[in-house]
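Undergrad: For reference, this is input_2.cif, and it has mmCIF, C-alpha atoms.
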data_start
loop_
_atom_site.group_PDB
_atom_site.id
_atom_site.type_symbol
_atom_site.label_atom_id
_atom_site.label_comp_id
_atom_site.auth_asym_id
_atom_site.auth_seq_id
_atom_site.Cartn_x
_atom_site.Cartn_y
_atom_site.Cartn_z
ATOM 1 C CA MET A 1 0.000 0.000 0.000
ATOM 2 C CA TRP A 2 2.795 2.433 0.885
ATOM 3 C CA GLU A 3 4.537 1.615 -2.350
ATOM 4 C CA ALA A 4 1.351 2.298 -4.304
ATOM 5 C CA THR A 5 0.806 5.534 -2.395
ATOM 6 C CA SER A 6 4.327 6.785 -3.033
ATOM 7 C CA GLY A 7 3.981 5.799 -6.696
ATOM 8 C CA PHE A 8 0.730 7.725 -6.924
ATOM 9 C CA PHE A 9 2.201 10.865 -5.431
ATOM 10 C CA SER A 10 5.419 10.702 -7.451
ATOM 11 C CA ASN A 11 3.345 10.406 -10.638
ATOM 12 C CA LEU A 12 1.081 13.186 -9.479
ATOM 13 C CA MET A 13 3.912 15.592 -8.728
ATOM 14 C CA ALA A 14 5.841 14.846 -11.916
ATOM 15 C CA PRO A 15 6.323 18.016 -13.991
ATOM 16 C CA SER A 16 5.158 16.140 -17.099
ATOM 17 C CA ASN A 17 1.763 15.385 -15.557
ATOM 18 C CA PRO A 18 -0.900 17.368 -17.474
ATOM 19 C CA ILE A 19 -2.843 17.878 -14.257
ATOM 20 C CA TRP A 20 -0.750 21.021 -13.617
ATOM 21 C CA TRP A 21 -2.662 22.714 -16.427
ATOM 22 C CA TYR A 22 -5.921 22.317 -14.508
ATOM 23 C CA TYR A 23 -4.902 24.151 -11.319
ATOM 24 C CA PRO A 24 -5.098 27.654 -12.896
ATOM 25 C CA LEU A 25 -8.479 26.744 -14.338
ATOM 26 C CA CYS A 26 -9.726 25.631 -10.927
ATOM 27 C CA ALA A 27 -8.352 28.799 -9.307
ATOM 28 C CA VAL A 28 -10.081 31.100 -11.814
ATOM 29 C CA ALA A 29 -13.345 29.166 -11.511
ATOM 30 C CA ALA A 30 -13.125 29.461 -7.711
ATOM 31 C CA VAL A 31 -12.596 33.238 -7.793
ATOM 32 C CA VAL A 32 -15.369 33.902 -10.341
ATOM 33 C CA TYR A 33 -17.831 31.610 -8.569
ATOM 34 C CA LYS A 34 -17.166 33.080 -5.140
ATOM 35 C CA ALA A 35 -17.181 36.660 -6.468
ATOM 36 C CA THR A 36 -20.816 36.095 -7.441
ATOM 37 C CA LYS A 37 -21.583 35.006 -3.877
ATOM 38 C CA PHE A 38 -19.668 37.580 -1.819
ATOM 39 C CA ASP A 39 -19.186 41.310 -2.100
ATOM 40 C CA THR A 40 -16.083 42.368 -0.200
ATOM 41 C CA PRO A 41 -12.613 41.559 -1.584
ATOM 42 C CA ARG A 42 -11.646 39.951 1.730
ATOM 43 C CA ASP A 43 -14.633 37.590 1.703
ATOM 44 C CA ILE A 44 -14.059 36.746 -1.954
ATOM 45 C CA ALA A 45 -10.383 35.943 -1.373
ATOM 46 C CA ARG A 46 -11.081 33.799 1.696
ATOM 47 C CA ALA A 47 -13.968 31.891 0.125
ATOM 48 C CA SER A 48 -12.052 31.352 -3.137
ATOM 49 C CA LEU A 49 -9.042 29.951 -1.335
ATOM 50 C CA HIS A 50 -11.254 27.669 0.725
ATOM 51 C CA PHE A 51 -13.092 26.470 -2.392
ATOM 52 C CA PHE A 52 -9.868 25.894 -4.346
ATOM 53 C CA LEU A 53 -8.193 23.964 -1.544
ATOM 54 C CA SER A 54 -11.311 21.910 -0.790
ATOM 55 C CA VAL A 55 -11.836 20.900 -4.422
ATOM 56 C CA SER A 56 -8.136 20.154 -4.989
ATOM 57 C CA ALA A 57 -7.824 18.139 -1.779
ATOM 58 C CA GLY A 58 -11.086 16.303 -2.446
ATOM 59 C CA MET A 59 -10.018 15.314 -5.954
ATOM 60 C CA LEU A 60 -6.607 14.275 -4.625
ATOM 61 C CA VAL A 61 -8.128 11.980 -2.012
ATOM 62 C CA LEU A 62 -10.590 10.556 -4.541
ATOM 63 C CA GLY A 63 -7.795 9.930 -7.051
ATOM 64 C CA TRP A 64 -5.617 8.323 -4.407
ATOM 65 C CA ALA A 65 -8.484 6.050 -3.290
ATOM 66 C CA PHE A 66 -9.213 4.902 -6.853
ATOM 67 C CA TYR A 67 -5.527 4.376 -7.520
ATOM 68 C CA LEU A 68 -5.228 2.182 -4.425
ATOM 69 C CA ILE A 69 -8.304 0.147 -5.387
ATOM 70 C CA ILE A 70 -7.013 -0.388 -8.930
ATOM 71 C CA THR A 71 -3.498 -1.200 -7.781
ATOM 72 C CA LEU A 72 -4.318 -3.488 -4.861
ATOM 73 C CA PHE A 73 -7.313 -5.446 -6.212
ATOM 74 C CA MET B 1 -19.440 47.305 15.975
ATOM 75 C CA LYS B 2 -18.052 48.264 12.583
ATOM 76 C CA GLU B 3 -20.647 49.379 10.047
ATOM 77 C CA PRO B 4 -20.824 47.580 6.682
ATOM 78 C CA ALA B 5 -18.746 49.204 3.981
ATOM 79 C CA THR B 6 -20.221 52.130 2.103
ATOM 80 C CA VAL B 7 -22.738 51.707 -0.696
ATOM 81 C CA ARG B 8 -21.427 52.651 -4.133
ATOM 82 C CA GLN B 9 -23.060 55.799 -5.505
ATOM 83 C CA ASP B 10 -21.865 55.627 -9.112
ATOM 84 C CA ARG B 11 -24.640 53.439 -10.490
ATOM 85 C CA PRO B 12 -27.595 54.744 -12.529
ATOM 86 C CA PRO B 13 -30.811 55.613 -10.641
ATOM 87 C CA PRO B 14 -32.972 52.491 -10.014
ATOM 88 C CA SER B 15 -35.658 53.513 -12.506
ATOM 89 C CA ALA B 16 -33.098 53.651 -15.337
ATOM 90 C CA ILE B 17 -31.608 50.215 -14.647
ATOM 91 C CA SER B 18 -32.774 47.274 -16.733
ATOM 92 C CA PRO B 19 -31.756 43.772 -15.611
ATOM 93 C CA VAL B 20 -32.118 42.499 -19.186
ATOM 94 C CA ALA B 21 -29.696 45.173 -20.402
ATOM 95 C CA ALA B 22 -27.211 43.965 -17.762
ATOM 96 C CA LEU B 23 -27.667 40.394 -19.009
ATOM 97 C CA VAL B 24 -27.061 41.363 -22.651
ATOM 98 C CA LEU B 25 -24.149 43.667 -21.846
ATOM 99 C CA GLY B 26 -22.603 40.910 -19.746
ATOM 100 C CA TRP B 27 -22.735 38.629 -22.752
ATOM 101 C CA VAL B 28 -21.270 41.172 -25.186
ATOM 102 C CA ILE B 29 -18.350 42.017 -22.889
ATOM 103 C CA PRO B 30 -17.691 39.801 -19.836
ATOM 104 C CA GLY B 31 -18.215 41.901 -16.697
ATOM 105 C CA ALA B 32 -20.029 44.734 -18.494
ATOM 106 C CA GLY B 33 -23.300 43.754 -16.796
ATOM 107 C CA HIS B 34 -21.757 44.468 -13.404
ATOM 108 C CA ALA B 35 -20.233 47.727 -14.685
ATOM 109 C CA TYR B 36 -23.728 48.729 -15.815
ATOM 110 C CA GLY B 37 -25.015 47.949 -12.332
ATOM 111 C CA GLY B 38 -22.276 50.107 -10.801
ATOM 112 C CA THR B 39 -20.047 47.418 -9.287
ATOM 113 C CA TRP B 40 -16.889 48.314 -11.205
ATOM 114 C CA GLY B 41 -14.523 46.291 -9.050
ATOM 115 C CA LYS B 42 -16.290 43.058 -9.890
ATOM 116 C CA ALA B 43 -16.669 44.104 -13.527
ATOM 117 C CA VAL B 44 -12.916 44.461 -13.926
ATOM 118 C CA LEU B 45 -12.289 41.205 -12.051
ATOM 119 C CA PHE B 46 -14.703 39.236 -14.252
ATOM 120 C CA PHE B 47 -13.410 40.788 -17.471
ATOM 121 C CA VAL B 48 -9.785 40.014 -16.640
ATOM 122 C CA LEU B 49 -10.442 36.440 -15.478
ATOM 123 C CA ILE B 50 -12.881 35.345 -18.200
ATOM 124 C CA THR B 51 -11.038 36.995 -21.078
ATOM 125 C CA GLY B 52 -7.798 35.665 -19.609
ATOM 126 C CA LEU B 53 -9.211 32.119 -19.646
ATOM 127 C CA LEU B 54 -10.278 32.558 -23.271
ATOM 128 C CA VAL B 55 -6.941 33.932 -24.428
ATOM 129 C CA GLY B 56 -5.056 31.357 -22.346
ATOM 130 C CA GLY B 57 -7.100 28.526 -23.831
ATOM 131 C CA MET B 58 -6.596 29.853 -27.362
ATOM 132 C CA THR B 59 -2.850 30.139 -26.828
ATOM 133 C CA MET B 60 -2.636 26.687 -25.277
ATOM 134 C CA GLY B 61 -4.501 25.069 -28.174
ATOM 135 C CA GLY B 62 -2.425 26.778 -30.855
ATOM 136 C CA GLY B 63 -5.262 29.168 -31.664
ATOM 137 C CA THR B 64 -7.501 26.438 -33.072
ATOM 138 C CA VAL B 65 -9.904 25.724 -30.215
ATOM 139 C CA LEU B 66 -12.788 28.095 -31.041
ATOM 140 C CA LEU B 67 -14.507 26.349 -33.928
ATOM 141 C CA PRO B 68 -18.199 27.148 -34.505
ATOM 142 C CA ASP B 69 -18.977 23.729 -36.009
ATOM 143 C CA ARG B 70 -18.058 21.726 -32.895
ATOM 144 C CA LEU B 71 -20.337 21.044 -29.943
ATOM 145 C CA TRP B 72 -17.912 22.870 -27.624
ATOM 146 C CA CYS B 73 -18.937 26.115 -29.311
ATOM 147 C CA VAL B 74 -22.251 26.047 -27.419
ATOM 148 C CA ALA B 75 -20.360 26.544 -24.163
ATOM 149 C CA GLN B 76 -17.766 28.838 -25.710
ATOM 150 C CA ALA B 77 -20.453 31.114 -27.168
ATOM 151 C CA PHE B 78 -21.548 32.109 -23.656
ATOM 152 C CA ALA B 79 -18.217 33.937 -23.343
ATOM 153 C CA GLY B 80 -19.781 36.386 -25.771
ATOM 154 C CA GLY B 81 -18.037 39.051 -27.803
ATOM 155 C CA PRO B 82 -14.406 38.023 -27.305
ATOM 156 C CA ALA B 83 -15.137 34.370 -28.152
ATOM 157 C CA ILE B 84 -17.163 35.170 -31.255
ATOM 158 C CA ALA B 85 -14.557 37.699 -32.375
ATOM 159 C CA MET B 86 -11.934 34.943 -32.213
ATOM 160 C CA TRP B 87 -13.941 32.381 -34.235
ATOM 161 C CA PRO B 88 -12.701 33.551 -37.683
ATOM 162 C CA LEU B 89 -9.087 33.578 -36.515
ATOM 163 C CA SER B 90 -9.447 30.104 -35.039
ATOM 164 C CA GLN B 91 -11.042 28.752 -38.212
ATOM 165 C CA TYR B 92 -8.347 30.312 -40.362
ATOM 166 C CA LEU B 93 -5.581 28.755 -38.273
ATOM 167 C CA ALA B 94 -7.301 25.349 -38.158
ATOM 168 C CA ARG B 95 -7.892 25.223 -41.928
ATOM 169 C CA ARG B 96 -4.320 26.200 -42.743
ATOM 170 C CA PRO B 97 -2.358 23.115 -43.849
ATOM 171 C CA PRO B 98 0.715 22.287 -41.765
ATOM 172 C CA PRO B 99 4.090 23.463 -43.165
ATOM 173 C CA ALA B 100 5.690 21.198 -45.783
ATOM 174 C CA ASP B 101 8.484 20.085 -43.460
ATOM 175 C CA VAL B 102 6.051 19.006 -40.718
ATOM 176 C CA THR B 103 4.389 15.592 -40.844
ATOM 177 C CA PRO B 104 0.608 16.003 -40.452
ATOM 178 C CA ALA B 105 -0.891 14.422 -37.341
ATOM 179 C CA TYR B 106 -2.178 10.897 -37.994
ATOM 180 C CA ASN B 107 -5.648 11.920 -36.906
ATOM 181 C CA ALA B 108 -5.821 15.236 -38.777
ATOM 182 C CA VAL B 109 -9.003 15.292 -40.836
ATOM 183 C CA ALA B 110 -10.617 17.693 -43.281
ATOM 184 C CA PRO B 111 -11.515 20.516 -43.045
ATOM 185 C CA TYR B 112 -8.976 21.045 -40.276
ATOM 186 C CA PRO B 113 -5.640 19.547 -41.373
ATOM 187 C CA GLY B 114 -3.755 21.684 -38.872
ATOM 188 C CA ILE B 115 -5.243 20.119 -35.720
ATOM 189 C CA ASP B 116 -3.835 17.170 -33.809
ATOM 190 C CA TRP B 117 -6.956 15.988 -31.977
ATOM 191 C CA ALA B 118 -4.899 13.781 -29.648
ATOM 192 C CA ASP B 119 -2.805 16.700 -28.377
ATOM 193 C CA HIS B 120 -3.639 17.122 -24.698
ATOM 194 C CA LEU B 121 -2.817 20.839 -24.845
ATOM 195 C CA HIS B 122 -5.427 21.288 -27.561
ATOM 196 C CA GLU B 123 -7.921 19.424 -25.398
ATOM 197 C CA THR B 124 -7.049 21.479 -22.311
ATOM 198 C CA GLY B 125 -7.257 24.728 -24.271
ATOM 199 C CA THR B 126 -10.709 23.736 -25.506
ATOM 200 C CA LEU B 127 -11.775 23.050 -21.921
ATOM 201 C CA TYR B 128 -10.431 26.443 -20.778
ATOM 202 C CA THR B 129 -12.511 28.275 -23.371
ATOM 203 C CA ALA B 130 -15.621 26.215 -22.595
ATOM 204 C CA VAL B 131 -15.279 26.879 -18.858
ATOM 205 C CA ALA B 132 -14.812 30.588 -19.650
ATOM 206 C CA GLY B 133 -18.203 30.437 -21.374
ATOM 207 C CA PHE B 134 -19.927 28.719 -18.469
ATOM 208 C CA LEU B 135 -18.378 31.138 -15.974
ATOM 209 C CA ASN B 136 -19.583 34.075 -18.035
ATOM 210 C CA LEU B 137 -23.069 32.588 -18.023
ATOM 211 C CA LEU B 138 -22.876 32.533 -14.213
ATOM 212 C CA VAL B 139 -21.650 36.143 -14.174
ATOM 213 C CA MET B 140 -24.424 37.248 -16.554
ATOM 214 C CA MET B 141 -27.057 35.608 -14.341
ATOM 215 C CA ASP B 142 -25.528 37.262 -11.273
ATOM 216 C CA ALA B 143 -25.645 40.706 -12.937
ATOM 217 C CA TYR B 144 -29.275 40.116 -13.916
ATOM 218 C CA LEU B 145 -30.414 38.816 -10.519
ATOM 219 C CA ARG B 146 -28.692 41.586 -8.565
ATOM 220 C CA LEU B 147 -30.640 44.188 -10.511
ATOM 221 C CA ALA B 148 -33.909 42.256 -10.759
ATOM 222 C CA TYR B 149 -33.970 41.353 -7.042
ATOM 223 C CA PRO B 150 -31.864 43.994 -5.237
ATOM 224 C CA ASP B 151 -33.347 43.084 -1.838
ATOM 225 C CA ARG B 152 -31.724 39.659 -1.977
ATOM 226 C CA HIS B 153 -28.290 41.199 -2.576
ATOM 227 C CA PRO B 154 -27.453 43.897 -0.001
ATOM 228 C CA ARG B 155 -24.676 46.095 -1.425
ATOM 229 C CA LYS B 156 -21.470 45.924 0.587
ATOM 230 C CA GLU B 157 -18.832 46.038 -2.108
ATOM 231 C CA THR B 158 -15.875 48.288 -1.462
ATOM 232 C CA ALA B 159 -13.665 47.248 -4.392
#
What is this structure when it is put down as structure tokens?
TA:
Amino acid sequence: MWEATSGFFSNLMAPSNPIWWYYPLCAVAAVVYKATKFDTPRDIARASLHFFLSVSAGMLVLGWAFYLIITLF
Amino acid sequence: MKEPATVRQDRPPPSAISPVAALVLGWVIPGAGHAYGGTWGKAVLFFVLITGLLVGGMTMGGGTVLLPDRLWCVAQAFAGGPAIAMWPLSQYLARRPPPADVTPAYNAVAPYPGIDWADHLHETGTLYTAVAGFLNLLVMMDAYLRLAYPDRHPRKETA
């Protein structure tokens, strides 16, 4: 399991991984979406950061879980 | 307790504001609906981010991602004026044959011999422009709803 996990994260962090192209997209989507919900720059910045980190972390955990299932079973 | 930030005074009087005009303006130029409603800070933010996504996606995909005969164009069209203005350029670049010293992509098909459909950057660029369209749709709806139902959106913007 640890080997699979380290393999997953080394693949994920590799500079050649196209996933890096999706982080700016997620960040822009977070700012635009939260700017329609909040009015002050401080609220927008805080909510956008929270949204971006939550979505990124959620996708990371989901990807890791699927990777483990595929690798181990 | 600190009072909420001041209400902006540079918007037209309520009787002169039309939510539909904000919706249409927001489609023609991303963020213009909010500028019409007087929230200039958000207008600039939306214009920079949505147009930036469009231009970034176009650059990423080699300028050939905005094609009006593909299903993606439904989403891209919501980005309004900038996206539609770039359609002819995108079509021109996509229809241009690759240079003689470059081997055409194995999956290049007429009428677009210049596109490698398996190129992940082309795919990502297409997604960027489509998401720009969907985000502009969200922004247009926000501009409309803020003017149509002002009581649901107390004004606190200071930007």
Undergrad: Under the PyMOL selection byres ((chain A and resi 47) around 9), which residues of this model are included? Write them out as a list of chain:residue names.
TA: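 Selection result, ordered by chain and number: A:Ala30, A:Val31, A:Lys34, A:Ala35, A:Phe38, A:Arg42, A:Asp43, A:Ile44, A:Ala45, A:Arg46, A:Ser48, A:Leu49, A:His50, A:Phe51, A:Phe52.
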Undergrad: Any idea what's packed within 10 Å of region 83-86 of chain B, counting all atoms listed in the file, ignoring anything in its chain fewer than 6 positions away? Could you give it as a list in words?
TA: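 The residues that qualify are Val28, Ile29, Thr51, Leu54, Val55, Met58, Gly63, Thr64, Val65, Leu66, Leu67, Pro68, Cys73, Gln76, Ala77, Thr129, Ala130, Ala132 and Gly133 of chain B.
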Undergrad: May I ask which of the residues B:Ala118, B:Ile50, B:Val131, B:Met141 is the closest one to Pro82 (chain B), counting all atoms listed in the file?
TA: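 The closest residue to Pro82 (chain B) is B:Ile50.
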Undergrad: Report the residues retrieved by the PyMOL selection byres ((chain A) within 9 of (chain B)) from the displayed file, expressed as a ChimeraX atom specification.
TA: /A:18,21-22,25,28-29,31-33,35-41
Undergrad: Would you mind reading off the distance between CA of Arg95 (chain B) and CA of Gly80 (chain B), one decimal, in Å?
TA: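 Result for CA of Arg95 (chain B) versus CA of Gly80 (chain B): 23.0 Å, one decimal.
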Undergrad: Exactly which residues make up the result of the PyMOL selection byres ((chain A and resi 59-63) around 12) on this file, given as a PyMOL selection string?
TA: chain A and resi 5+8-9+11-13+19+22-23+26+52-58+64-71
Undergrad: So how far away is CA of Trp72 (chain B) from CA of Glu123 (chain B), in Å?
TA: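 The value is 10.8 Å.
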Undergrad: So what do you get for CA of Ala22 (chain B) versus CA of Ala27 (chain A), distance-wise?
TA: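 Distance reported for this atom pair: 25.6 Å.
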